[in-house]
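Here's upload-v3.cif, which has mmCIF, C-alpha atoms and all ligand atoms:
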data_final
#
loop_
_atom_site.label_atom_id
_atom_site.label_comp_id
_atom_site.auth_asym_id
_atom_site.auth_seq_id
_atom_site.Cartn_x
_atom_site.Cartn_y
_atom_site.Cartn_z
CA MET A 1 -16.64 4.09 -6.66
CA ARG A 2 -13.58 5.77 -5.28
CA PHE A 3 -13.22 6.27 -1.54
CA CYS A 4 -10.55 8.29 0.19
CA ARG A 5 -9.88 9.06 3.82
CA PHE A 6 -8.89 12.68 4.21
CA ASN A 7 -7.93 15.31 6.77
CA LYS A 8 -8.96 14.08 10.20
CA ASP A 9 -10.71 10.78 9.45
CA ARG A 10 -13.21 12.16 6.93
CA LEU A 11 -14.60 9.69 4.40
CA GLY A 12 -14.54 11.07 0.88
CA LEU A 13 -16.24 10.04 -2.34
CA VAL A 14 -13.87 10.98 -5.16
CA GLU A 15 -15.53 12.26 -8.34
CA GLY A 16 -13.11 13.63 -10.91
CA ALA A 17 -11.05 16.37 -9.26
CA THR A 18 -13.44 16.86 -6.35
CA VAL A 19 -14.13 15.01 -3.14
CA LYS A 20 -17.53 14.82 -1.48
CA ASP A 21 -17.60 14.51 2.29
CA VAL A 22 -19.68 11.41 2.98
CA THR A 23 -18.41 10.80 6.52
CA ALA A 24 -22.03 10.48 7.73
CA ALA A 25 -22.21 7.12 5.92
CA LEU A 26 -19.87 5.70 8.57
CA ASP A 27 -22.87 5.74 10.93
CA VAL A 28 -23.76 2.31 9.48
CA LEU A 29 -20.61 0.79 11.01
CA PRO A 30 -21.15 -1.34 14.12
CA SER A 31 -19.57 -0.08 17.32
CA HIS A 32 -17.06 -2.32 19.04
CA ARG A 33 -15.70 -2.84 22.52
CA TYR A 34 -12.42 -4.38 23.53
CA PRO A 35 -11.09 -6.66 22.18
CA LEU A 36 -11.37 -4.91 18.83
CA PRO A 37 -11.85 -6.96 15.64
CA THR A 38 -8.74 -7.96 13.73
CA HIS A 39 -10.21 -6.79 10.42
CA ASP A 40 -10.80 -3.28 9.11
CA VAL A 41 -14.34 -2.29 10.07
CA PHE A 42 -14.87 0.05 7.10
CA ILE A 43 -13.87 -2.56 4.52
CA ALA A 44 -15.80 -5.34 6.30
CA ASN A 45 -18.97 -3.23 5.95
CA LEU A 46 -18.19 -1.68 2.58
CA GLU A 47 -21.46 -2.77 0.94
CA ALA A 48 -23.55 -1.11 3.65
CA VAL A 49 -21.38 2.03 3.46
CA VAL A 50 -21.75 2.16 -0.34
CA SER A 51 -25.50 1.89 -0.03
CA ARG A 52 -25.63 4.80 2.44
CA VAL A 53 -23.21 6.85 0.35
CA ARG A 54 -25.51 6.53 -2.67
CA SER A 55 -28.32 8.13 -0.71
CA ILE A 56 -26.36 10.98 0.90
CA ALA A 57 -23.88 11.84 -1.87
CA PRO A 58 -26.23 14.15 -3.82
CA GLY A 59 -26.47 16.49 -0.82
CA ALA A 60 -22.87 16.16 0.38
CA SER A 61 -20.50 19.13 0.38
CA ALA A 62 -17.73 18.98 -2.22
CA GLN A 63 -14.25 20.47 -2.33
CA PRO A 64 -11.26 20.26 -4.69
CA LEU A 65 -9.17 17.13 -4.14
CA ASP A 66 -5.95 19.13 -4.17
CA ARG A 67 -7.08 21.00 -1.04
CA VAL A 68 -7.34 17.95 1.21
CA ARG A 69 -4.74 15.82 2.94
CA LEU A 70 -5.07 12.21 1.80
CA ARG A 71 -4.64 9.44 4.39
CA SER A 72 -4.43 5.71 3.83
CA PRO A 73 -7.82 4.61 2.46
CA VAL A 74 -7.64 1.56 4.76
CA ALA A 75 -7.12 2.73 8.33
CA ASN A 76 -6.66 -0.56 10.17
CA PRO A 77 -5.50 -3.43 7.99
CA GLY A 78 -4.93 -6.60 10.00
CA LYS A 79 -2.02 -7.52 7.75
CA ILE A 80 0.17 -5.80 5.18
CA ILE A 81 1.31 -8.64 2.95
CA ALA A 82 3.90 -8.07 0.23
CA ALA A 83 5.37 -9.93 -2.73
CA PRO A 84 9.17 -9.62 -2.76
CA VAL A 85 10.23 -10.31 -6.37
CA ASN A 86 7.19 -10.53 -8.60
CA TYR A 87 8.58 -9.01 -11.82
CA GLU A 88 11.26 -10.87 -13.75
CA LYS A 89 13.23 -7.73 -14.65
CA HIS A 90 13.24 -6.58 -11.02
CA LEU A 91 14.62 -9.97 -10.00
CA ASP A 92 17.29 -9.52 -12.70
CA GLU A 93 18.39 -6.16 -11.28
CA VAL A 94 18.41 -7.53 -7.71
CA ARG A 95 20.60 -10.44 -8.83
CA THR A 96 23.11 -8.21 -10.62
CA ASP A 97 23.29 -5.26 -8.18
CA GLY A 98 25.21 -5.98 -4.98
CA GLN A 99 23.57 -2.98 -3.29
CA LEU A 100 20.16 -4.54 -3.87
CA ASN A 101 20.95 -8.12 -2.84
CA ALA A 102 23.48 -7.34 -0.06
CA ASN A 103 25.08 -10.73 -0.73
CA ASN A 104 22.07 -12.36 0.89
CA PRO A 105 21.11 -15.46 -1.14
CA GLY A 106 17.59 -15.14 0.26
CA HIS A 107 17.20 -11.87 -1.66
CA THR A 108 17.73 -13.46 -5.07
CA LEU A 109 15.21 -16.31 -4.92
CA THR A 110 12.20 -16.40 -7.23
CA ILE A 111 8.84 -15.67 -5.60
CA HIS A 112 8.05 -19.39 -5.79
CA LYS A 113 10.94 -20.01 -3.39
CA ALA A 114 10.87 -16.73 -1.44
CA GLY A 115 7.11 -16.68 -0.76
CA LEU A 116 5.58 -13.53 0.71
CA PHE A 117 6.51 -11.31 3.64
CA LEU A 118 4.76 -9.01 6.11
CA LYS A 119 5.29 -5.31 6.74
CA ALA A 120 4.42 -3.85 10.14
CA THR A 121 0.98 -2.21 10.16
CA SER A 122 2.59 0.71 12.06
CA SER A 123 4.47 1.56 8.84
CA LEU A 124 1.24 2.53 7.03
CA VAL A 125 0.55 6.12 5.97
CA GLY A 126 -1.30 7.95 3.21
CA PRO A 127 0.23 10.14 0.51
CA GLY A 128 -0.59 13.31 2.44
CA ASP A 129 1.43 12.11 5.41
CA GLY A 130 4.67 11.76 3.44
CA VAL A 131 7.68 9.50 3.94
CA VAL A 132 10.14 10.23 6.74
CA ILE A 133 13.63 8.98 5.89
CA ARG A 134 14.52 6.94 8.95
CA LYS A 135 18.12 5.97 8.14
CA PRO A 136 19.68 8.68 5.94
CA ASP A 137 23.02 6.83 6.04
CA ARG A 138 21.47 3.72 4.42
CA ARG A 139 20.37 3.33 0.82
CA THR A 140 16.58 3.73 0.78
CA ASP A 141 14.59 2.99 -2.39
CA HIS A 142 11.15 3.59 -3.85
CA GLU A 143 9.05 0.67 -5.09
CA VAL A 144 5.74 1.38 -6.83
CA GLU A 145 3.18 -1.42 -6.65
CA LEU A 146 -0.44 -2.25 -7.35
CA VAL A 147 -2.12 -3.06 -4.03
CA ILE A 148 -5.03 -5.48 -3.58
CA ILE A 149 -7.49 -4.67 -0.80
CA ILE A 150 -9.18 -7.82 0.48
CA GLY A 151 -12.94 -7.53 1.01
CA ARG A 152 -13.96 -10.77 2.66
CA THR A 153 -12.58 -13.59 4.78
CA ALA A 154 -10.58 -15.96 2.61
CA ASP A 155 -9.00 -19.17 3.85
CA ARG A 156 -7.22 -21.42 1.33
CA VAL A 157 -9.04 -20.08 -1.72
CA SER A 158 -8.08 -21.23 -5.21
CA SER A 159 -7.11 -18.70 -7.84
CA ASP A 160 -10.47 -19.43 -9.50
CA GLU A 161 -12.30 -18.20 -6.39
CA ALA A 162 -9.87 -15.44 -5.49
CA MET A 163 -11.25 -12.49 -7.44
CA ALA A 164 -14.51 -12.62 -5.47
CA CYS A 165 -12.48 -11.76 -2.36
CA VAL A 166 -11.24 -8.41 -3.68
CA ALA A 167 -12.84 -5.20 -2.37
CA GLY A 168 -10.71 -2.91 -4.50
CA TYR A 169 -7.31 -1.59 -5.43
CA ALA A 170 -4.96 1.25 -4.56
CA ILE A 171 -1.43 2.38 -5.31
CA GLY A 172 1.31 1.39 -2.89
CA LEU A 173 4.85 2.50 -2.18
CA ASP A 174 6.94 -0.22 -0.54
CA ILE A 175 9.79 1.96 0.73
CA SER A 176 12.83 -0.23 1.34
CA ILE A 177 16.12 0.15 3.15
CA ARG A 178 18.72 -1.97 1.31
CA GLY A 179 20.89 -4.31 3.31
CA SER A 180 21.28 -7.74 4.76
CA GLU A 181 18.44 -7.72 7.29
CA ASP A 182 15.14 -9.53 6.92
CA ARG A 183 12.64 -7.77 4.62
CA SER A 184 10.13 -7.45 7.46
CA PHE A 185 12.69 -5.28 9.29
CA ARG A 186 14.06 -3.18 6.43
CA LYS A 187 10.64 -2.40 4.95
CA SER A 188 8.68 -1.72 8.14
CA ALA A 189 10.05 1.64 9.28
CA ASP A 190 7.39 4.21 10.18
CA THR A 191 5.88 5.70 6.97
CA TYR A 192 7.51 3.05 4.71
CA SER A 193 4.17 1.65 3.52
CA VAL A 194 2.26 4.34 1.61
CA LEU A 195 -1.27 3.52 0.44
CA GLY A 196 -3.39 5.82 -1.66
CA PRO A 197 -4.57 8.01 -3.13
CA TRP A 198 -7.94 6.26 -2.67
CA LEU A 199 -9.60 2.85 -2.91
CA VAL A 200 -11.12 2.06 -6.31
CA THR A 201 -13.78 -0.63 -5.93
CA ALA A 202 -13.09 -3.87 -7.78
CA ASP A 203 -16.05 -3.46 -10.19
CA GLU A 204 -14.21 -0.52 -11.81
CA ILE A 205 -11.06 -2.56 -12.52
CA PRO A 206 -12.08 -5.87 -14.12
CA GLN A 207 -8.57 -6.45 -15.57
CA PRO A 208 -6.08 -5.71 -12.75
CA ASN A 209 -3.44 -7.80 -14.50
CA ALA A 210 -3.10 -5.34 -17.39
CA LEU A 211 -2.48 -1.92 -15.82
CA ASP A 212 0.32 0.48 -16.68
CA LEU A 213 2.22 1.67 -13.63
CA GLN A 214 4.83 4.37 -13.35
CA LEU A 215 6.89 6.18 -10.75
CA SER A 216 8.87 9.39 -11.11
CA VAL A 217 11.14 11.23 -8.68
CA ASN A 218 11.33 15.02 -9.03
CA GLY A 219 9.84 14.70 -12.51
CA THR A 220 12.24 12.02 -13.80
CA VAL A 221 10.64 8.67 -14.68
CA ARG A 222 12.33 5.84 -12.77
CA GLN A 223 9.92 2.93 -13.04
CA GLN A 224 7.56 2.12 -15.91
CA SER A 225 5.91 -1.23 -16.51
CA ASN A 226 2.58 -3.03 -16.66
CA THR A 227 1.03 -5.46 -14.20
CA ARG A 228 0.85 -8.03 -17.01
CA HIS A 229 4.54 -8.62 -16.25
CA MET A 230 3.81 -9.87 -12.74
CA ILE A 231 5.07 -13.43 -12.24
CA LEU A 232 2.11 -14.26 -9.96
CA ASN A 233 -1.04 -12.38 -10.93
CA VAL A 234 -3.64 -10.96 -8.56
CA ALA A 235 -5.61 -14.20 -8.19
CA GLN A 236 -2.46 -16.30 -7.75
CA LEU A 237 -1.14 -13.96 -5.06
CA ILE A 238 -4.41 -14.28 -3.12
CA GLU A 239 -4.22 -18.07 -3.49
CA LEU A 240 -0.64 -18.10 -2.19
CA ALA A 241 -1.32 -15.71 0.71
CA SER A 242 -4.48 -17.51 1.83
CA SER A 243 -2.69 -20.86 1.71
CA ILE A 244 -0.80 -19.73 4.80
CA TYR A 245 -2.92 -17.11 6.58
CA THR A 246 -6.65 -16.47 6.54
CA LEU A 247 -7.23 -13.15 4.83
CA HIS A 248 -9.60 -10.72 6.51
CA PRO A 249 -11.46 -7.67 5.18
CA GLY A 250 -9.00 -4.80 4.95
CA ASP A 251 -5.89 -6.95 4.65
CA VAL A 252 -3.77 -5.53 1.84
CA ILE A 253 -1.41 -7.27 -0.57
CA PHE A 254 1.43 -5.28 -2.17
CA THR A 255 1.90 -7.14 -5.46
CA GLY A 256 5.59 -6.43 -6.05
CA THR A 257 7.55 -3.80 -7.91
CA PRO A 258 8.89 -3.72 -11.46
CA GLU A 259 12.46 -2.83 -12.40
CA GLY A 260 13.90 0.64 -11.94
CA VAL A 261 14.09 0.91 -8.16
CA SER A 262 16.49 3.68 -7.12
CA PRO A 263 17.48 5.70 -4.06
CA ILE A 264 15.44 8.52 -2.56
CA GLU A 265 16.44 11.14 -0.04
CA ALA A 266 14.76 13.80 2.06
CA GLY A 267 13.17 16.49 -0.07
CA ASP A 268 12.27 14.28 -3.01
CA ARG A 269 8.83 14.42 -4.60
CA ILE A 270 7.60 11.00 -5.71
CA THR A 271 4.73 10.71 -8.19
CA ALA A 272 3.22 7.23 -8.45
CA THR A 273 0.61 6.36 -11.07
CA VAL A 274 -1.40 3.23 -11.78
CA GLU A 275 -3.78 3.12 -14.74
CA GLN A 276 -7.49 3.20 -13.78
CA ILE A 277 -6.62 4.24 -10.21
CA GLY A 278 -4.91 7.61 -10.59
CA SER A 279 -1.80 9.34 -9.32
CA MET A 280 -0.45 10.29 -5.95
CA GLU A 281 2.28 12.68 -4.89
CA VAL A 282 4.38 11.79 -1.88
CA VAL A 283 7.02 14.08 -0.42
CA THR A 284 9.94 12.70 1.57
CA ARG A 285 11.49 14.52 4.52
CA ALA A 286 14.14 14.11 7.18
CA ALA A 287 13.19 12.70 10.56
CA ASP A 288 12.80 15.16 13.43
CA PRO A 289 15.55 14.85 16.02
CA VAL A 290 14.56 12.67 18.96
CA ALA A 291 12.66 14.88 21.41
CA PRO A 292 14.86 16.23 24.25
CA ALA A 293 12.47 14.77 26.83
CA ALA A 294 13.05 11.27 25.44
CA ILE A 295 16.81 11.75 25.53
CA THR A 296 16.58 12.93 29.12
CA GLU A 297 14.56 9.86 30.07
CA GLN A 298 17.16 7.62 28.43
CA ALA A 299 19.99 9.40 30.28
CA ARG A 300 18.23 8.87 33.61
CA ALA A 301 17.73 5.15 32.98
MN MN A 401 8.13 -4.38 -2.87
#
Just give me the structure as structure tokens.
Ligand code: MN
Amino acid sequence: MRFCRFNKDRLGLVEGATVKDVTAALDVLPSHRYPLPTHDVFIANLEAVVSRVRSIAPGASAQPLDRVRLRSPVANPGKIIAAPVNYEKHLDEVRTDGQLNANNPGHTLTIHKAGLFLKATSSLVGPGDGVVIRKPDRRTDHEVELVIIIGRTADRVSSDEAMACVAGYAIGLDISIRGSEDRSFRKSADTYSVLGPWLVTADEIPQPNALDLQLSVNGTVRQQSNTRHMILNVAQLIELASSIYTLHPGDVIFTGTPEGVSPIEAGDRITATVEQIGSMEVVTRAADPVAPAAITEQARA
């Protein structure tokens, strides 16, 4: 099944080019009081939601997908985990391009040495929200990636056990400012983690390590590869991540980008495609000027 979140927190069941509004299925979710759980409640209860969706979908209202605004299919991931250099040819381009490595030796290590990193959860948006270029004076790149959505609690799982922990997959954009700072800083600006266009449940993608992926900017193809070229595959990434932090339902793992990263600027139209998931269009725009009220408050301080 394919689930999207659209408009103002509607749950959608994606069928071809239409979306059925199955928001009523969220009634099966438990209610919570403070302190809120550190997992995503929708993903943690996905089986119960799926069961309810099956019963209400036949009578649900449908509309064309291209008429709705797509949000991140996971609303509240506890962690956004990301693989820094998980394709050999991307590592090659980072090593040879001074703009990509910023003379930081830490940027040219293999994933076995570099490990994983975290992106701020406040950076997460859906394709319909768009990317707001935060630092127009800094080189800012696109990175298309397959994203794993974790479905159950996983602490120190082996790669043999890892696939049972996957709820589904989505397409991710790991938008990255180039420079010397830590990855967790450069890649965590508001809107710099795009997840979409929907979640495809794991049963529909039995071979996640053999998917074509592609990214184009304004119609020109910039990145084109296949997840078979990942250095650590899906199961190995889950093993590595869960060796350090317990994974919770709704945690997401960006699996790394292939070669071909290049700069974007306000006004660009990015199209990202992953085989068996679909395509998403993401428009970039300039940041609004800081609100006058905020400037006034700063001046008073
Ligand atoms: Mn990346």
Hey, which residues sit close to ligand MN 401 (chain A)? Say within 12 Å, counting only C-alpha atoms and all ligand atoms, and write them as a ChimeraX atom specification. /A:80-87,90-91,94,107,111,116-119,141-147,171-178,183-184,186-188,192-194,253-261
Let's have the selection written as an mmCIF file, in the coordinates of the input, with C-alpha atoms.
data_model
loop_
_atom_site.group_PDB
_atom_site.id
_atom_site.type_symbol
_atom_site.label_atom_id
_atom_site.label_comp_id
_atom_site.auth_asym_id
_atom_site.auth_seq_id
_atom_site.Cartn_x
_atom_site.Cartn_y
_atom_site.Cartn_z
ATOM 1 C CA ILE A 80 0.170 -5.800 5.180
ATOM 2 C CA ILE A 81 1.310 -8.640 2.950
ATOM 3 C CA ALA A 82 3.900 -8.070 0.230
ATOM 4 C CA ALA A 83 5.370 -9.930 -2.730
ATOM 5 C CA PRO A 84 9.170 -9.620 -2.760
ATOM 6 C CA VAL A 85 10.230 -10.310 -6.370
ATOM 7 C CA ASN A 86 7.190 -10.530 -8.600
ATOM 8 C CA TYR A 87 8.580 -9.010 -11.820
ATOM 9 C CA HIS A 90 13.240 -6.580 -11.020
ATOM 10 C CA LEU A 91 14.620 -9.970 -10.000
ATOM 11 C CA VAL A 94 18.410 -7.530 -7.710
ATOM 12 C CA HIS A 107 17.200 -11.870 -1.660
ATOM 13 C CA ILE A 111 8.840 -15.670 -5.600
ATOM 14 C CA LEU A 116 5.580 -13.530 0.710
ATOM 15 C CA PHE A 117 6.510 -11.310 3.640
ATOM 16 C CA LEU A 118 4.760 -9.010 6.110
ATOM 17 C CA LYS A 119 5.290 -5.310 6.740
ATOM 18 C CA ASP A 141 14.590 2.990 -2.390
ATOM 19 C CA HIS A 142 11.150 3.590 -3.850
ATOM 20 C CA GLU A 143 9.050 0.670 -5.090
ATOM 21 C CA VAL A 144 5.740 1.380 -6.830
ATOM 22 C CA GLU A 145 3.180 -1.420 -6.650
ATOM 23 C CA LEU A 146 -0.440 -2.250 -7.350
ATOM 24 C CA VAL A 147 -2.120 -3.060 -4.030
ATOM 25 C CA ILE A 171 -1.430 2.380 -5.310
ATOM 26 C CA GLY A 172 1.310 1.390 -2.890
ATOM 27 C CA LEU A 173 4.850 2.500 -2.180
ATOM 28 C CA ASP A 174 6.940 -0.220 -0.540
ATOM 29 C CA ILE A 175 9.790 1.960 0.730
ATOM 30 C CA SER A 176 12.830 -0.230 1.340
ATOM 31 C CA ILE A 177 16.120 0.150 3.150
ATOM 32 C CA ARG A 178 18.720 -1.970 1.310
ATOM 33 C CA ARG A 183 12.640 -7.770 4.620
ATOM 34 C CA SER A 184 10.130 -7.450 7.460
ATOM 35 C CA ARG A 186 14.060 -3.180 6.430
ATOM 36 C CA LYS A 187 10.640 -2.400 4.950
ATOM 37 C CA SER A 188 8.680 -1.720 8.140
ATOM 38 C CA TYR A 192 7.510 3.050 4.710
ATOM 39 C CA SER A 193 4.170 1.650 3.520
ATOM 40 C CA VAL A 194 2.260 4.340 1.610
ATOM 41 C CA ILE A 253 -1.410 -7.270 -0.570
ATOM 42 C CA PHE A 254 1.430 -5.280 -2.170
ATOM 43 C CA THR A 255 1.900 -7.140 -5.460
ATOM 44 C CA GLY A 256 5.590 -6.430 -6.050
ATOM 45 C CA THR A 257 7.550 -3.800 -7.910
ATOM 46 C CA PRO A 258 8.890 -3.720 -11.460
ATOM 47 C CA GLU A 259 12.460 -2.830 -12.400
ATOM 48 C CA GLY A 260 13.900 0.640 -11.940
ATOM 49 C CA VAL A 261 14.090 0.910 -8.160
#
Please list, as a list in words, the residues that have an atom at most 9 Å away from (3.5, -10.6, -16.0) in the coordinates of this file, counting all atoms listed in the file.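 So the residues meeting the distance criterion are Asn86, Tyr87, Glu88, Asn209, Ala210, Asn226, Thr227, Arg228, His229, Met230, Ile231, Leu232 and Asn233 of chain A.
Across the model, the gap from atom CA of A:Tyr245 to atom CA of A:Pro30 is 25.3 Å.
Rounded to one decimal, atom CA of A:Ser51 and atom CA of A:Val274 lie 26.8 Å from each other.
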Tell me which residues come within 9 Å of (-3.3, 11.3, 4.2), as a compact mmCIF listing (two decimals) with C-alpha atoms, in the coordinates of the input, counting all atoms listed in the file in the file's coordinates.
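Done, and the output landed in result.txt:
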# COMPACT_ATOMS: atom_id res chain seq x y z
CA CYS A 4 -10.55 8.29 0.19
CA ARG A 5 -9.88 9.06 3.82
CA PHE A 6 -8.89 12.68 4.21
CA ASN A 7 -7.93 15.31 6.77
CA LYS A 8 -8.96 14.08 10.20
CA VAL A 68 -7.34 17.95 1.21
CA ARG A 69 -4.74 15.82 2.94
CA LEU A 70 -5.07 12.21 1.80
CA ARG A 71 -4.64 9.44 4.39
CA SER A 72 -4.43 5.71 3.83
CA PRO A 73 -7.82 4.61 2.46
CA VAL A 125 0.55 6.12 5.97
CA GLY A 126 -1.30 7.95 3.21
CA PRO A 127 0.23 10.14 0.51
CA GLY A 128 -0.59 13.31 2.44
CA ASP A 129 1.43 12.11 5.41
CA GLY A 130 4.67 11.76 3.44
CA LEU A 195 -1.27 3.52 0.44
CA GLY A 196 -3.39 5.82 -1.66
CA PRO A 197 -4.57 8.01 -3.13
So, with only C-alpha atoms as the atoms that count, which of A:Asp66, A:Val234, A:Val131, A:Leu211 lies closest to A:Val282? A:Val131
Residue with the minimum atom-to-atom distance to A:Asn218, picked from A:Thr140, A:Ser159, A:Thr284, A:Asn103 with all atoms listed in the file counted, is A:Thr284
Nearest to A:Ser225, chosen from A:Thr201, A:Ser158, A:Ser242, A:Thr273, with only C-alpha atoms counted in the distances: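 With only C-alpha atoms as the atom set, the closest residue is A:Thr273.
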Nearest-residue call for A:Leu11, choices A:Ile238, A:Ala60, A:Leu36, A:Ile205, using all atoms listed in the file: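 Going through A:Ile238, A:Ala60, A:Leu36, A:Ile205 one by one, the smallest distance to A:Leu11 is for A:Ala60.
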Given the choices A:Asn101, A:Ser243, A:Thr271, A:Ser180, which gets closest to A:Gln214 if the distance is worked out from only C-alpha atoms? A:Thr271
File for stretch 114-139 of chain A (N, CA and C atoms), as a PDB file, in the first residue's frame:
ATOM      1  N   ALA A 114      33.588   6.874   8.454  1.00  0.00           N
ATOM      2  CA  ALA A 114      32.798   8.075   8.747  1.00  0.00           C
ATOM      3  C   ALA A 114      31.571   7.759   9.589  1.00  0.00           C
ATOM      4  N   GLY A 115      31.023   6.536   9.459  1.00  0.00           N
ATOM      5  CA  GLY A 115      29.806   6.189  10.183  1.00  0.00           C
ATOM      6  C   GLY A 115      28.598   6.930   9.625  1.00  0.00           C
ATOM      7  N   LEU A 116      27.624   7.170  10.458  1.00  0.00           N
ATOM      8  CA  LEU A 116      26.383   7.834  10.042  1.00  0.00           C
ATOM      9  C   LEU A 116      26.302   9.194  10.711  1.00  0.00           C
ATOM     10  N   PHE A 117      25.336  10.002  10.305  1.00  0.00           N
ATOM     11  CA  PHE A 117      25.121  11.281  10.985  1.00  0.00           C
ATOM     12  C   PHE A 117      23.632  11.529  11.131  1.00  0.00           C
ATOM     13  N   LEU A 118      23.278  12.546  11.919  1.00  0.00           N
ATOM     14  CA  LEU A 118      21.879  12.884  12.156  1.00  0.00           C
ATOM     15  C   LEU A 118      21.559  14.247  11.571  1.00  0.00           C
ATOM     16  N   LYS A 119      20.361  14.352  11.000  1.00  0.00           N
ATOM     17  CA  LYS A 119      19.831  15.631  10.546  1.00  0.00           C
ATOM     18  C   LYS A 119      18.736  16.053  11.525  1.00  0.00           C
ATOM     19  N   ALA A 120      18.628  17.337  11.778  1.00  0.00           N
ATOM     20  CA  ALA A 120      17.597  17.821  12.709  1.00  0.00           C
ATOM     21  C   ALA A 120      16.212  17.448  12.194  1.00  0.00           C
ATOM     22  N   THR A 121      15.333  16.986  13.104  1.00  0.00           N
ATOM     23  CA  THR A 121      13.971  16.649  12.678  1.00  0.00           C
ATOM     24  C   THR A 121      13.218  17.908  12.217  1.00  0.00           C
ATOM     25  N   SER A 122      13.637  19.074  12.667  1.00  0.00           N
ATOM     26  CA  SER A 122      12.984  20.325  12.244  1.00  0.00           C
ATOM     27  C   SER A 122      13.282  20.667  10.782  1.00  0.00           C
ATOM     28  N   SER A 123      14.183  19.909  10.147  1.00  0.00           N
ATOM     29  CA  SER A 123      14.485  20.154   8.734  1.00  0.00           C
ATOM     30  C   SER A 123      13.528  19.421   7.796  1.00  0.00           C
ATOM     31  N   LEU A 124      12.620  18.612   8.353  1.00  0.00           N
ATOM     32  CA  LEU A 124      11.798  17.712   7.534  1.00  0.00           C
ATOM     33  C   LEU A 124      10.584  18.411   6.915  1.00  0.00           C
ATOM     34  N   VAL A 125      10.421  18.221   5.622  1.00  0.00           N
ATOM     35  CA  VAL A 125       9.229  18.705   4.913  1.00  0.00           C
ATOM     36  C   VAL A 125       8.812  17.656   3.886  1.00  0.00           C
ATOM     37  N   GLY A 126       7.664  17.888   3.262  1.00  0.00           N
ATOM     38  CA  GLY A 126       7.218  17.063   2.146  1.00  0.00           C
ATOM     39  C   GLY A 126       7.442  17.800   0.837  1.00  0.00           C
ATOM     40  N   PRO A 127       7.267  17.086  -0.281  1.00  0.00           N
ATOM     41  CA  PRO A 127       7.513  17.716  -1.586  1.00  0.00           C
ATOM     42  C   PRO A 127       6.645  18.941  -1.830  1.00  0.00           C
ATOM     43  N   GLY A 128       5.427  18.935  -1.313  1.00  0.00           N
ATOM     44  CA  GLY A 128       4.527  20.072  -1.534  1.00  0.00           C
ATOM     45  C   GLY A 128       4.912  21.309  -0.748  1.00  0.00           C
ATOM     46  N   ASP A 129       5.783  21.145   0.226  1.00  0.00           N
ATOM     47  CA  ASP A 129       6.231  22.292   1.017  1.00  0.00           C
ATOM     48  C   ASP A 129       7.358  23.050   0.322  1.00  0.00           C
ATOM     49  N   GLY A 130       8.165  22.340  -0.465  1.00  0.00           N
ATOM     50  CA  GLY A 130       9.272  22.978  -1.168  1.00  0.00           C
ATOM     51  C   GLY A 130      10.485  23.194  -0.294  1.00  0.00           C
ATOM     52  N   VAL A 131      11.582  23.568  -0.962  1.00  0.00           N
ATOM     53  CA  VAL A 131      12.856  23.827  -0.279  1.00  0.00           C
ATOM     54  C   VAL A 131      13.122  25.322  -0.288  1.00  0.00           C
ATOM     55  N   VAL A 132      13.397  25.880   0.866  1.00  0.00           N
ATOM     56  CA  VAL A 132      13.707  27.303   0.985  1.00  0.00           C
ATOM     57  C   VAL A 132      15.217  27.462   1.122  1.00  0.00           C
ATOM     58  N   ILE A 133      15.831  28.109   0.131  1.00  0.00           N
ATOM     59  CA  ILE A 133      17.295  28.262   0.130  1.00  0.00           C
ATOM     60  C   ILE A 133      17.702  29.204   1.266  1.00  0.00           C
ATOM     61  N   ARG A 134      18.378  28.645   2.240  1.00  0.00           N
ATOM     62  CA  ARG A 134      18.652  29.369   3.483  1.00  0.00           C
ATOM     63  C   ARG A 134      19.871  30.280   3.365  1.00  0.00           C
ATOM     64  N   LYS A 135      20.873  29.823   2.626  1.00  0.00           N
ATOM     65  CA  LYS A 135      22.127  30.578   2.481  1.00  0.00           C
ATOM     66  C   LYS A 135      22.444  30.720   0.997  1.00  0.00           C
ATOM     67  N   PRO A 136      21.833  31.699   0.318  1.00  0.00           N
ATOM     68  CA  PRO A 136      22.021  31.824  -1.139  1.00  0.00           C
ATOM     69  C   PRO A 136      23.473  32.120  -1.529  1.00  0.00           C
ATOM     70  N   ASP A 137      24.284  32.590  -0.590  1.00  0.00           N
ATOM     71  CA  ASP A 137      25.691  32.885  -0.867  1.00  0.00           C
ATOM     72  C   ASP A 137      26.576  31.654  -0.730  1.00  0.00           C
ATOM     73  N   ARG A 138      26.016  30.523  -0.295  1.00  0.00           N
ATOM     74  CA  ARG A 138      26.786  29.289  -0.121  1.00  0.00           C
ATOM     75  C   ARG A 138      26.345  28.263  -1.156  1.00  0.00           C
ATOM     76  N   ARG A 139      27.292  27.449  -1.631  1.00  0.00           N
ATOM     77  CA  ARG A 139      26.909  26.386  -2.551  1.00  0.00           C
ATOM     78  C   ARG A 139      25.973  25.398  -1.833  1.00  0.00           C
TER      79      ARG A 139
END
